[in-house]
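Undergrad: Sending over query15.csv (CSV, C-alpha atoms and all ligand atoms).
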chain,number,residue,atom,x,y,z
U,295,MET,CA,19.9,5.9,8.3
U,296,ASP,CA,16.2,5.4,8.3
U,297,LYS,CA,14.7,2.3,6.8
U,298,ASN,CA,11.5,2.4,5.0
U,299,THR,CA,9.1,0.5,7.3
U,300,THR,CA,5.5,-0.5,7.1
U,301,THR,CA,4.3,2.3,9.2
U,302,THR,CA,4.1,4.9,6.5
U,303,HIS,CA,0.9,3.9,5.0
U,304,ASN,CA,-2.0,5.6,6.6
U,305,THR,CA,-2.4,8.3,3.9
U,306,ILE,CA,-4.1,6.2,1.4
U,307,SER,CA,-7.1,7.8,-0.1
U,308,SER,CA,-9.4,4.8,-0.3
U,309,THR,CA,-12.0,4.9,-3.1
U,310,SER,CA,-14.1,2.2,-1.5
U,311,PRO,CA,-15.6,1.1,-4.8
U,312,HIS,CA,-18.0,-1.3,-3.1
U,313,SER,CA,-20.2,1.1,-1.2
U,314,LEU,CA,-23.8,1.4,-2.2
U,315,THR,CA,-25.0,3.6,0.6
U,316,SER,CA,-24.6,7.0,-1.0
U,317,ARG,CA,-27.1,6.2,-3.7
U,318,GLY,CA,-30.3,5.8,-1.8
U,319,GLY,CA,-30.8,9.3,-0.7
U,320,THR,CA,-33.8,11.3,-1.8
U,321,SER,CA,-35.9,8.9,-3.8
U,322,THR,CA,-38.9,10.6,-5.2
U,323,THR,CA,-40.1,7.7,-7.3
U,324,VAL,CA,-42.6,5.6,-5.5
U,325,SER,CA,-43.5,2.2,-6.9
U,326,SER,CA,-40.1,1.4,-8.3
U,327,THR,CA,-39.5,-2.1,-6.9
U,328,LEU,CA,-37.8,-4.3,-9.4
U,329,ASP,CA,-39.2,-7.6,-10.7
U,330,CYS,CA,-36.2,-9.6,-9.6
U,331,ASN,CA,-37.4,-12.9,-11.1
U,332,LEU,CA,-38.0,-11.2,-14.4
U,333,ILE,CA,-34.5,-9.7,-14.4
U,334,ALA,CA,-32.9,-13.0,-13.4
U,335,SER,CA,-34.7,-14.8,-16.1
U,336,GLN,CA,-32.9,-12.6,-18.7
U,337,PHE,CA,-29.7,-14.3,-17.7
U,338,GLY,CA,-30.9,-17.7,-16.7
U,339,GLY,CA,-29.8,-16.6,-13.3
U,340,LYS,CA,-30.9,-17.1,-9.7
U,341,ALA,CA,-33.0,-14.2,-8.3
U,342,ILE,CA,-32.2,-13.2,-4.7
U,343,PRO,CA,-34.3,-10.2,-3.8
U,344,SER,CA,-33.6,-8.4,-0.6
U,345,GLY,CA,-35.4,-5.2,0.2
U,346,ASP,CA,-35.1,-3.0,-2.9
U,347,ILE,CA,-31.9,-4.8,-4.0
U,348,CYS,CA,-32.2,-7.5,-6.5
U,349,ASP,CA,-29.2,-9.9,-6.7
U,350,VAL,CA,-28.9,-12.1,-9.7
U,351,VAL,CA,-26.4,-14.9,-9.5
U,352,VAL,CA,-25.2,-16.4,-12.8
U,353,VAL,CA,-23.6,-19.8,-12.4
U,354,ARG,CA,-21.0,-20.6,-15.0
U,355,GLN,CA,-22.1,-23.5,-17.3
U,356,SER,CA,-18.6,-24.2,-18.7
U,357,PRO,CA,-15.9,-24.9,-18.3
U,358,GLN,CA,-15.7,-26.7,-15.0
U,359,ILE,CA,-13.7,-24.8,-12.4
U,360,THR,CA,-12.0,-27.1,-10.0
U,361,ASP,CA,-10.0,-26.5,-6.9
U,362,ALA,CA,-6.7,-28.2,-6.0
U,363,ASN,CA,-8.6,-31.3,-4.8
U,364,GLY,CA,-10.6,-31.6,-7.9
U,365,MET,CA,-13.8,-30.3,-6.4
U,366,VAL,CA,-16.1,-28.6,-8.9
U,367,LEU,CA,-16.6,-25.0,-7.8
U,368,ASN,CA,-19.1,-23.7,-10.4
U,369,LYS,CA,-22.2,-23.9,-8.2
U,370,PHE,CA,-20.7,-21.7,-5.5
U,371,THR,CA,-22.0,-18.1,-5.4
U,372,LEU,CA,-18.6,-16.8,-4.7
U,373,MET,CA,-17.3,-18.3,-7.9
U,374,SER,CA,-20.2,-16.9,-9.9
U,375,SER,CA,-21.0,-13.7,-11.7
U,376,VAL,CA,-23.3,-11.5,-9.6
U,377,LEU,CA,-25.3,-8.5,-10.7
U,378,GLU,CA,-27.0,-6.3,-8.1
U,379,PHE,CA,-29.8,-4.1,-9.2
U,380,THR,CA,-31.4,-1.3,-7.3
U,381,PRO,CA,-33.9,1.4,-8.4
U,382,ALA,CA,-32.1,4.7,-9.0
U,383,THR,CA,-33.4,8.1,-8.1
U,384,THR,CA,-34.2,10.6,-10.9
U,385,ASN,CA,-31.1,12.6,-9.8
U,386,ILE,CA,-28.9,9.7,-10.9
U,387,ALA,CA,-30.9,9.3,-14.0
U,388,ASN,CA,-30.4,12.9,-15.0
U,389,SER,CA,-26.6,12.5,-14.7
U,390,THR,CA,-26.6,10.0,-17.6
U,391,SER,CA,-29.4,11.8,-19.5
U,392,THR,CA,-31.0,8.6,-20.9
U,393,THR,CA,-34.6,8.3,-21.7
U,394,PRO,CA,-36.5,9.4,-18.6
U,395,SER,CA,-39.3,7.0,-19.3
U,396,GLY,CA,-37.4,3.8,-18.7
U,397,GLN,CA,-36.8,2.3,-15.4
U,398,GLN,CA,-33.6,3.8,-14.0
U,399,VAL,CA,-31.4,1.6,-12.0
U,400,PHE,CA,-28.0,1.5,-10.3
U,401,VAL,CA,-26.2,-1.7,-10.8
U,402,MET,CA,-23.0,-3.1,-9.5
U,403,GLY,CA,-21.6,-6.5,-9.7
U,404,ASP,CA,-18.8,-8.7,-10.8
U,405,PHE,CA,-18.1,-11.1,-13.6
U,406,ALA,CA,-16.1,-14.2,-12.9
U,407,LEU,CA,-14.1,-14.5,-16.0
U,408,LEU,CA,-11.5,-16.7,-17.6
U,409,GLU,CA,-8.4,-14.7,-18.4
U,410,SER,CA,-9.2,-15.2,-22.1
U,411,GLU,CA,-12.6,-13.6,-21.6
U,412,VAL,CA,-11.5,-10.4,-19.7
U,413,ASN,CA,-10.6,-8.3,-22.7
U,414,SER,CA,-13.6,-9.2,-24.7
U,415,VAL,CA,-15.9,-8.2,-21.9
U,416,LEU,CA,-14.1,-5.0,-21.3
U,417,GLN,CA,-14.6,-4.1,-24.9
U,418,VAL,CA,-18.3,-4.4,-24.4
U,419,ILE,CA,-18.9,-2.7,-21.1
U,420,VAL,CA,-16.3,0.2,-21.1
U,421,PRO,CA,-17.7,1.8,-24.3
U,422,SER,CA,-21.1,1.4,-22.8
U,423,GLY,CA,-20.2,3.7,-19.9
U,424,TRP,CA,-19.7,1.0,-17.3
U,425,THR,CA,-17.1,1.8,-14.6
U,426,VAL,CA,-14.7,-1.0,-13.9
U,427,THR,CA,-13.6,-0.6,-10.3
U,428,GLY,CA,-11.2,-3.5,-10.1
U,429,ILE,CA,-10.0,-6.8,-11.5
U,430,HIS,CA,-8.5,-9.3,-9.2
U,431,ASN,CA,-8.0,-13.0,-8.6
U,432,HIS,CA,-9.2,-15.2,-5.9
U,433,MET,CA,-6.8,-16.6,-3.3
U,434,ILE,CA,-7.6,-20.2,-4.0
U,435,GLN,CA,-5.9,-22.5,-6.4
U,436,GLU,CA,-8.7,-22.8,-8.9
U,437,THR,CA,-8.2,-24.2,-12.4
U,438,PRO,CA,-8.7,-22.6,-14.8
U,439,LYS,CA,-8.0,-19.4,-13.1
U,440,LEU,CA,-10.8,-16.9,-12.7
U,441,SER,CA,-10.5,-13.1,-12.8
U,442,PHE,CA,-13.1,-11.2,-11.0
U,443,MET,CA,-14.1,-8.0,-12.7
U,444,HIS,CA,-16.0,-5.5,-10.5
U,445,TRP,CA,-18.1,-2.9,-12.2
U,446,GLN,CA,-20.9,-0.4,-11.7
U,447,VAL,CA,-23.2,1.5,-13.9
U,448,HIS,CA,-26.4,3.4,-13.7
U,449,GLY,CA,-29.0,4.1,-16.4
U,450,ASP,CA,-31.9,2.4,-18.1
U,451,LEU,CA,-32.7,-1.1,-16.9
U,452,ASN,CA,-33.2,-2.6,-20.3
U,453,THR,CA,-30.1,-1.1,-21.8
U,454,ILE,CA,-28.0,-2.4,-18.9
U,455,ILE,CA,-29.5,-5.9,-19.2
U,456,SER,CA,-28.8,-5.8,-22.9
U,457,THR,CA,-25.2,-4.8,-22.3
U,458,ALA,CA,-24.8,-7.4,-19.6
U,459,LYS,CA,-26.2,-10.1,-21.9
U,460,GLN,CA,-23.9,-9.0,-24.7
U,461,SER,CA,-20.9,-9.3,-22.2
U,462,LEU,CA,-21.9,-12.8,-21.2
U,463,SER,CA,-22.2,-13.8,-24.8
U,464,LYS,CA,-18.5,-13.1,-25.1
U,465,THR,CA,-17.9,-15.8,-22.5
U,466,THR,CA,-18.8,-19.4,-22.0
U,467,ILE,CA,-20.6,-18.6,-18.7
U,468,LEU,CA,-24.1,-19.2,-20.2
U,469,ASN,CA,-23.2,-22.2,-22.4
U,470,GLY,CA,-20.5,-24.4,-23.5
U,471,GLY,CA,-20.7,-23.7,-27.2
U,472,ALA,CA,-19.7,-20.2,-28.1
U,473,ALA,CA,-16.3,-19.7,-26.7
U,474,THR,CA,-14.9,-16.4,-27.7
U,475,THR,CA,-12.2,-16.7,-30.2
U,476,THR,CA,-11.8,-13.0,-31.0
U,477,THR,CA,-8.2,-12.0,-30.3
U,478,PRO,CA,-8.0,-9.3,-27.8
U,479,THR,CA,-6.8,-6.1,-29.3
U,480,THR,CA,-4.8,-3.4,-27.8
U,481,THR,CA,-4.7,-3.0,-24.1
U,482,SER,CA,-5.5,0.6,-23.4
U,483,SER,CA,-5.4,1.5,-19.8
U,484,ILE,CA,-9.1,1.5,-19.1
U,485,ILE,CA,-8.6,0.5,-15.5
U,486,ASN,CA,-9.1,3.4,-13.2
U,487,GLY,CA,-6.3,4.9,-11.3
U,488,VAL,CA,-2.8,4.5,-12.4
U,489,LYS,CA,-1.6,4.7,-16.0
U,490,PRO,CA,1.6,3.4,-17.4
U,491,SER,CA,4.3,6.0,-18.0
U,492,GLY,CA,4.6,6.6,-21.7
U,493,SER,CA,4.2,3.2,-23.1
U,494,THR,CA,2.7,2.3,-26.4
U,495,THR,CA,0.3,-0.6,-26.5
U,496,SER,CA,0.5,-2.4,-29.8
U,497,SER,CA,0.0,-6.0,-28.9
U,498,ASN,CA,-0.8,-7.2,-32.4
U,499,THR,CA,2.7,-8.1,-33.3
U,500,ALA,CA,2.7,-11.4,-31.6
U,501,THR,CA,4.0,-14.1,-33.9
U,502,SER,CA,4.0,-16.9,-31.4
U,503,THR,CA,1.9,-19.9,-31.3
U,504,PRO,CA,-1.9,-19.3,-31.1
U,505,SER,CA,-2.2,-20.6,-27.6
U,506,GLN,CA,0.5,-18.2,-26.4
U,507,SER,CA,-0.6,-15.1,-28.3
U,508,SER,CA,-4.3,-15.5,-27.4
U,509,ILE,CA,-3.4,-14.5,-23.8
U,510,THR,CA,-2.2,-10.9,-24.0
U,511,THR,CA,-2.5,-10.0,-20.4
U,512,ILE,CA,-0.6,-11.7,-17.6
U,513,HIS,CA,-1.9,-11.0,-14.1
U,514,VAL,CA,0.4,-10.5,-11.2
U,515,SER,CA,-0.9,-10.1,-7.7
U,516,ILE,CA,0.6,-7.9,-5.0
U,517,VAL,CA,-0.2,-10.2,-2.2
U,518,SER,CA,-1.4,-9.4,1.3
U,519,ASN,CA,1.3,-8.5,3.8
U,520,ALA,CA,3.5,-7.8,0.8
U,521,PRO,CA,6.1,-5.8,2.7
U,522,THR,CA,7.1,-8.9,4.6
U,523,MET,CA,7.2,-11.2,1.6
U,524,ASP,CA,10.3,-9.8,-0.2
U,525,GLY,CA,10.6,-11.7,-3.5
U,526,LYS,CA,7.2,-13.3,-3.0
U,527,ALA,CA,5.4,-10.0,-2.6
U,528,PHE,CA,4.6,-10.1,-6.3
U,529,GLN,CA,3.1,-13.4,-7.4
U,530,PRO,CA,3.8,-15.1,-9.7
U,531,ASN,CA,7.5,-14.0,-9.8
U,532,PRO,CA,9.5,-14.0,-11.9
U,533,ILE,CA,7.3,-14.2,-14.9
U,534,ASN,CA,8.2,-15.0,-18.5
U,535,ILE,CA,6.3,-13.3,-21.2
U,536,LYS,CA,6.5,-12.5,-25.0
U,537,ALA,CA,7.2,-9.1,-26.4
U,538,GLY,CA,3.9,-7.3,-26.9
U,539,GLN,CA,2.2,-8.9,-23.9
U,540,THR,CA,0.8,-6.8,-21.1
U,541,VAL,CA,1.4,-7.4,-17.4
U,542,GLU,CA,-1.4,-6.3,-15.1
U,543,TRP,CA,-0.5,-5.9,-11.4
U,544,THR,CA,-3.4,-5.8,-9.0
U,545,ASN,CA,-2.9,-4.7,-5.4
U,546,ASN,CA,-4.5,-7.3,-3.3
U,547,ASP,CA,-2.9,-6.0,-0.1
U,548,SER,CA,-4.6,-3.6,2.3
U,549,ILE,CA,-2.0,-0.8,1.9
U,550,ALA,CA,-0.6,1.1,-1.1
U,551,HIS,CA,2.4,-0.1,-3.1
U,552,THR,CA,4.1,0.9,-6.2
U,553,VAL,CA,5.3,-1.0,-9.2
U,554,THR,CA,8.4,0.7,-10.3
U,555,SER,CA,11.0,-0.4,-12.9
U,556,GLY,CA,14.6,-0.9,-11.7
U,557,SER,CA,16.0,-3.1,-9.0
U,558,SER,CA,15.6,-0.6,-6.2
U,559,PRO,CA,14.9,3.1,-5.5
U,560,ASN,CA,18.7,3.6,-5.7
U,561,ASP,CA,18.9,2.1,-9.2
U,562,PRO,CA,19.8,5.0,-11.5
U,563,ASN,CA,17.2,3.7,-14.0
U,564,SER,CA,14.5,3.5,-11.3
U,565,GLY,CA,11.1,4.4,-12.8
U,566,LYS,CA,12.5,5.1,-16.2
U,567,GLU,CA,10.6,2.2,-17.9
U,568,PHE,CA,7.4,2.4,-15.8
U,569,ASP,CA,6.3,3.7,-12.4
U,570,SER,CA,2.8,3.3,-11.1
U,571,GLY,CA,3.0,5.8,-8.3
U,572,PRO,CA,1.1,4.6,-5.2
U,573,ILE,CA,-1.5,1.9,-6.2
U,574,ALA,CA,-4.3,1.8,-3.7
U,575,PRO,CA,-5.8,-1.5,-2.6
U,576,HIS,CA,-7.8,-3.1,-5.4
U,577,GLN,CA,-6.3,-0.9,-8.1
U,578,THR,CA,-4.1,-2.0,-10.9
U,579,LEU,CA,-1.3,-1.0,-13.2
U,580,ARG,CA,-0.9,-2.3,-16.7
U,581,HIS,CA,2.2,-2.2,-18.7
U,582,THR,CA,2.9,-3.6,-22.1
U,583,PHE,CA,6.4,-4.9,-22.7
U,584,ASN,CA,7.3,-4.3,-26.4
U,585,THR,CA,10.9,-5.2,-26.3
U,586,ALA,CA,12.8,-8.3,-25.2
U,587,GLY,CA,14.9,-8.1,-22.1
U,588,GLN,CA,15.0,-8.7,-18.3
U,589,PHE,CA,13.1,-6.1,-16.4
U,590,SER,CA,13.4,-5.9,-12.7
U,591,TYR,CA,11.0,-3.9,-10.7
U,592,HIS,CA,10.3,-3.1,-7.0
U,593,CYS,CA,8.0,-1.2,-4.7
U,594,ASN,CA,9.3,2.3,-4.0
U,595,ILE,CA,7.6,2.3,-0.6
U,596,HIS,CA,9.0,-1.1,0.4
U,597,PRO,CA,12.2,-1.7,-1.5
U,598,ALA,CA,12.4,-5.2,-0.2
U,599,MET,CA,9.5,-6.0,-2.5
U,600,THR,CA,11.1,-7.0,-5.8
U,601,GLY,CA,10.1,-8.8,-8.9
U,602,GLN,CA,11.2,-9.5,-12.4
U,603,VAL,CA,9.7,-9.7,-15.9
U,604,ASP,CA,11.6,-11.7,-18.5
U,605,VAL,CA,10.5,-10.7,-22.0
U,606,THR,CA,11.4,-12.9,-25.0
U,607,LYS,CA,10.8,-12.3,-28.7
V,701,CU,CU,5.0,-1.6,-1.1
Kindly transcribe the structure held in the file into structure tokens.
Ligand SMILES: [Cu+2]
TA:
Amino acid sequence: MDKNTTTTHNTISSTSPHSLTSRGGTSTTVSSTLDCNLIASQFGGKAIPSGDICDVVVVRQSPQITDANGMVLNKFTLMSSVLEFTPATTNIANSTSTTPSGQQVFVMGDFALLESEVNSVLQVIVPSGWTVTGIHNHMIQETPKLSFMHWQVHGDLNTIISTAKQSLSKTTILNGGAATTTTPTTTSSIINGVKPSGSTTSSNTATSTPSQSSITTIHVSIVSNAPTMDGKAFQPNPINIKAGQTVEWTNNDSIAHTVTSGSSPNDPNSGKEFDSGPIAPHQTLRHTFNTAGQFSYHCNIHPAMTGQVDVTK
């Protein structure tokens, strides 16, 4: 009998969401360099111009993010939100059909967010046409935990700056005062790629304490080298959540995995509750658990990878 081994994974269609290179092509606009300092000043950020790319680094003002040794991490660029602006060609501009007079740009970046900020920011940028290419956690033991939301968008510079500022206003990145207290609403599957199999997402039924109910999404990482990690392939594992909360699995490994309900591929109920299908690296699956119970799950490709979600009322 053949075992499923780790050698069956070279058919992943990588979407490589971080490549900028296909955008530069046939630029017909001439003097379209960006005023990086001016852009950065919109966010109180640091301008790092490089060629026709303008990086803006926005350092979080609050709260303090510390590592396991108590060192404050806020000032580090890797812990900051970064926006990369580059002039866009008219071809790209046409595809969004915004006002042709404005400066057209292609922007990609990531927001370094507290878990409680993720949904509020998504609710600003997704309806504005931004593409979220991934949300993942860092591998270090920072407190509180940061989620890195990668996104890209093209269109009018001023419109994008305005949307970005609106996003940041939903966070405490720019100041300590205005923490967002809006309760995240339903968790539609706006992340690209996989979608949950037939689940309804009404997460407004939480009757638990405010501190519990304010976090509606629990993040689980599929760690690197997951096929060798067995019960530690999904972290944290097991997890305890309340009915109505959503679990988001992010594939931080370099090969595809699935998140499939049931204890193993041989479980007669395998995949009945949810089944992601192959999740490429950096992609996610979200599933909302509306009923109490113990839900085991596994990876269909690597059945040794197992996890469990305990849902209480
Ligand atoms: Cu797997």
Undergrad: Within 8 Å of ligand CU 701 (chain V), which residues of chain U come that close, and what is the closest atom pair and distance in Å for each? Count all atoms listed in the file and give it as a tab-separated table.
TA:
residue	atom	partner	partner_atom	distance
U:Ala520	CA	V:CU701	CU	6.7
U:Pro521	CA	V:CU701	CU	5.8
U:Ile549	CA	V:CU701	CU	7.7
U:Ala550	CA	V:CU701	CU	6.2
U:His551	CA	V:CU701	CU	3.6
U:Thr552	CA	V:CU701	CU	5.8
U:Cys593	CA	V:CU701	CU	4.7
U:Asn594	CA	V:CU701	CU	6.5
U:Ile595	CA	V:CU701	CU	4.7
U:His596	CA	V:CU701	CU	4.3
U:Pro597	CA	V:CU701	CU	7.2
U:Met599	CA	V:CU701	CU	6.4
Undergrad: One number please: atom CA of Ile429 of chain U to atom CA of Ala574 of chain U, in Å, one decimal.
TA: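 So the answer is 12.9 Å.
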Undergrad: Can you measure atom CA of Pro572 of chain U to atom CA of Ser558 of chain U for me? One decimal in Å is fine.
TA: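 It comes out at 15.4 Å.
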Undergrad: Which residues are close to Leu440 of chain U, i.e. within 6 Å by all atoms listed in the file, leaving aside same-chain residues fewer than 5 positions away? Reply as number ranges by chain.
TA: U: 406-408
Undergrad: Only C-alpha atoms, please: the residues just picked out, written as a PDB file, in the coordinates of the input.
TA:
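Below is the file that was written, out.pdb:
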ATOM      1  CA  ALA U 406     -16.100 -14.200 -12.900  1.00  0.00           C
ATOM      2  CA  LEU U 407     -14.100 -14.500 -16.000  1.00  0.00           C
ATOM      3  CA  LEU U 408     -11.500 -16.700 -17.600  1.00  0.00           C
TER       4      LEU U 408
END
Undergrad: With N, CA, C and O atoms as the target, complete segment 344-364 of chain U and hand it back as a PDB file, keeping the file's coordinate frame.
TA:
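The result, stored in selection_36.pdb:
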ATOM      1  N   SER U 344     -33.771  -8.736  -2.009  1.00  0.00           N
ATOM      2  CA  SER U 344     -33.600  -8.400  -0.600  1.00  0.00           C
ATOM      3  C   SER U 344     -33.866  -6.907  -0.456  1.00  0.00           C
ATOM      4  O   SER U 344     -33.079  -6.072  -0.888  1.00  0.00           O
ATOM      5  N   GLY U 345     -35.033  -6.587   0.112  1.00  0.00           N
ATOM      6  CA  GLY U 345     -35.400  -5.200   0.200  1.00  0.00           C
ATOM      7  C   GLY U 345     -35.567  -4.650  -1.251  1.00  0.00           C
ATOM      8  O   GLY U 345     -36.202  -5.278  -2.094  1.00  0.00           O
ATOM      9  N   ASP U 346     -34.984  -3.508  -1.526  1.00  0.00           N
ATOM     10  CA  ASP U 346     -35.100  -3.000  -2.900  1.00  0.00           C
ATOM     11  C   ASP U 346     -33.841  -3.352  -3.723  1.00  0.00           C
ATOM     12  O   ASP U 346     -33.597  -2.798  -4.776  1.00  0.00           O
ATOM     13  N   ILE U 347     -33.062  -4.284  -3.216  1.00  0.00           N
ATOM     14  CA  ILE U 347     -31.900  -4.800  -4.000  1.00  0.00           C
ATOM     15  C   ILE U 347     -32.304  -6.115  -4.604  1.00  0.00           C
ATOM     16  O   ILE U 347     -32.887  -6.977  -3.942  1.00  0.00           O
ATOM     17  N   CYS U 348     -31.982  -6.254  -5.867  1.00  0.00           N
ATOM     18  CA  CYS U 348     -32.200  -7.500  -6.500  1.00  0.00           C
ATOM     19  C   CYS U 348     -30.850  -8.091  -6.951  1.00  0.00           C
ATOM     20  O   CYS U 348     -30.170  -7.524  -7.802  1.00  0.00           O
ATOM     21  N   ASP U 349     -30.466  -9.179  -6.318  1.00  0.00           N
ATOM     22  CA  ASP U 349     -29.200  -9.900  -6.700  1.00  0.00           C
ATOM     23  C   ASP U 349     -29.565 -10.945  -7.734  1.00  0.00           C
ATOM     24  O   ASP U 349     -30.508 -11.706  -7.538  1.00  0.00           O
ATOM     25  N   VAL U 350     -28.753 -10.994  -8.765  1.00  0.00           N
ATOM     26  CA  VAL U 350     -28.900 -12.100  -9.700  1.00  0.00           C
ATOM     27  C   VAL U 350     -27.547 -12.814  -9.779  1.00  0.00           C
ATOM     28  O   VAL U 350     -26.501 -12.214 -10.024  1.00  0.00           O
ATOM     29  N   VAL U 351     -27.593 -14.095  -9.488  1.00  0.00           N
ATOM     30  CA  VAL U 351     -26.400 -14.900  -9.500  1.00  0.00           C
ATOM     31  C   VAL U 351     -26.398 -15.772 -10.755  1.00  0.00           C
ATOM     32  O   VAL U 351     -27.361 -16.491 -11.014  1.00  0.00           O
ATOM     33  N   VAL U 352     -25.347 -15.642 -11.529  1.00  0.00           N
ATOM     34  CA  VAL U 352     -25.200 -16.400 -12.800  1.00  0.00           C
ATOM     35  C   VAL U 352     -24.131 -17.428 -12.627  1.00  0.00           C
ATOM     36  O   VAL U 352     -22.949 -17.084 -12.524  1.00  0.00           O
ATOM     37  N   VAL U 353     -24.542 -18.679 -12.603  1.00  0.00           N
ATOM     38  CA  VAL U 353     -23.600 -19.800 -12.400  1.00  0.00           C
ATOM     39  C   VAL U 353     -22.959 -20.130 -13.764  1.00  0.00           C
ATOM     40  O   VAL U 353     -23.655 -20.237 -14.774  1.00  0.00           O
ATOM     41  N   ARG U 354     -21.658 -20.295 -13.752  1.00  0.00           N
ATOM     42  CA  ARG U 354     -21.000 -20.600 -15.000  1.00  0.00           C
ATOM     43  C   ARG U 354     -21.291 -22.056 -15.441  1.00  0.00           C
ATOM     44  O   ARG U 354     -21.165 -23.004 -14.667  1.00  0.00           O
ATOM     45  N   GLN U 355     -21.725 -22.209 -16.718  1.00  0.00           N
ATOM     46  CA  GLN U 355     -22.100 -23.500 -17.300  1.00  0.00           C
ATOM     47  C   GLN U 355     -20.811 -24.273 -17.725  1.00  0.00           C
ATOM     48  O   GLN U 355     -20.742 -25.498 -17.660  1.00  0.00           O
ATOM     49  N   SER U 356     -19.847 -23.529 -18.230  1.00  0.00           N
ATOM     50  CA  SER U 356     -18.600 -24.200 -18.700  1.00  0.00           C
ATOM     51  C   SER U 356     -17.498 -23.166 -18.735  1.00  0.00           C
ATOM     52  O   SER U 356     -17.777 -21.980 -18.892  1.00  0.00           O
ATOM     53  N   PRO U 357     -16.261 -23.563 -18.644  1.00  0.00           N
ATOM     54  CA  PRO U 357     -15.900 -24.900 -18.300  1.00  0.00           C
ATOM     55  C   PRO U 357     -16.019 -25.174 -16.806  1.00  0.00           C
ATOM     56  O   PRO U 357     -16.355 -24.260 -16.056  1.00  0.00           O
ATOM     57  N   GLN U 358     -15.763 -26.407 -16.401  1.00  0.00           N
ATOM     58  CA  GLN U 358     -15.700 -26.700 -15.000  1.00  0.00           C
ATOM     59  C   GLN U 358     -14.543 -26.000 -14.343  1.00  0.00           C
ATOM     60  O   GLN U 358     -13.450 -26.038 -14.866  1.00  0.00           O
ATOM     61  N   ILE U 359     -14.803 -25.353 -13.199  1.00  0.00           N
ATOM     62  CA  ILE U 359     -13.700 -24.800 -12.400  1.00  0.00           C
ATOM     63  C   ILE U 359     -13.493 -25.671 -11.223  1.00  0.00           C
ATOM     64  O   ILE U 359     -14.436 -25.956 -10.468  1.00  0.00           O
ATOM     65  N   THR U 360     -12.300 -26.141 -11.062  1.00  0.00           N
ATOM     66  CA  THR U 360     -12.000 -27.100 -10.000  1.00  0.00           C
ATOM     67  C   THR U 360     -10.982 -26.483  -9.027  1.00  0.00           C
ATOM     68  O   THR U 360     -10.156 -25.660  -9.431  1.00  0.00           O
ATOM     69  N   ASP U 361     -11.031 -26.917  -7.795  1.00  0.00           N
ATOM     70  CA  ASP U 361     -10.000 -26.500  -6.900  1.00  0.00           C
ATOM     71  C   ASP U 361      -8.863 -27.517  -6.852  1.00  0.00           C
ATOM     72  O   ASP U 361      -8.856 -28.463  -7.644  1.00  0.00           O
ATOM     73  N   ALA U 362      -7.913 -27.318  -5.970  1.00  0.00           N
ATOM     74  CA  ALA U 362      -6.700 -28.200  -6.000  1.00  0.00           C
ATOM     75  C   ALA U 362      -7.038 -29.622  -5.714  1.00  0.00           C
ATOM     76  O   ALA U 362      -6.291 -30.513  -6.117  1.00  0.00           O
ATOM     77  N   ASN U 363      -8.193 -29.872  -5.076  1.00  0.00           N
ATOM     78  CA  ASN U 363      -8.600 -31.300  -4.800  1.00  0.00           C
ATOM     79  C   ASN U 363      -9.495 -31.844  -5.828  1.00  0.00           C
ATOM     80  O   ASN U 363      -9.998 -32.945  -5.649  1.00  0.00           O
ATOM     81  N   GLY U 364      -9.741 -31.076  -6.876  1.00  0.00           N
ATOM     82  CA  GLY U 364     -10.600 -31.600  -7.900  1.00  0.00           C
ATOM     83  C   GLY U 364     -12.069 -31.334  -7.726  1.00  0.00           C
ATOM     84  O   GLY U 364     -12.900 -31.784  -8.507  1.00  0.00           O
TER      85      GLY U 364
END
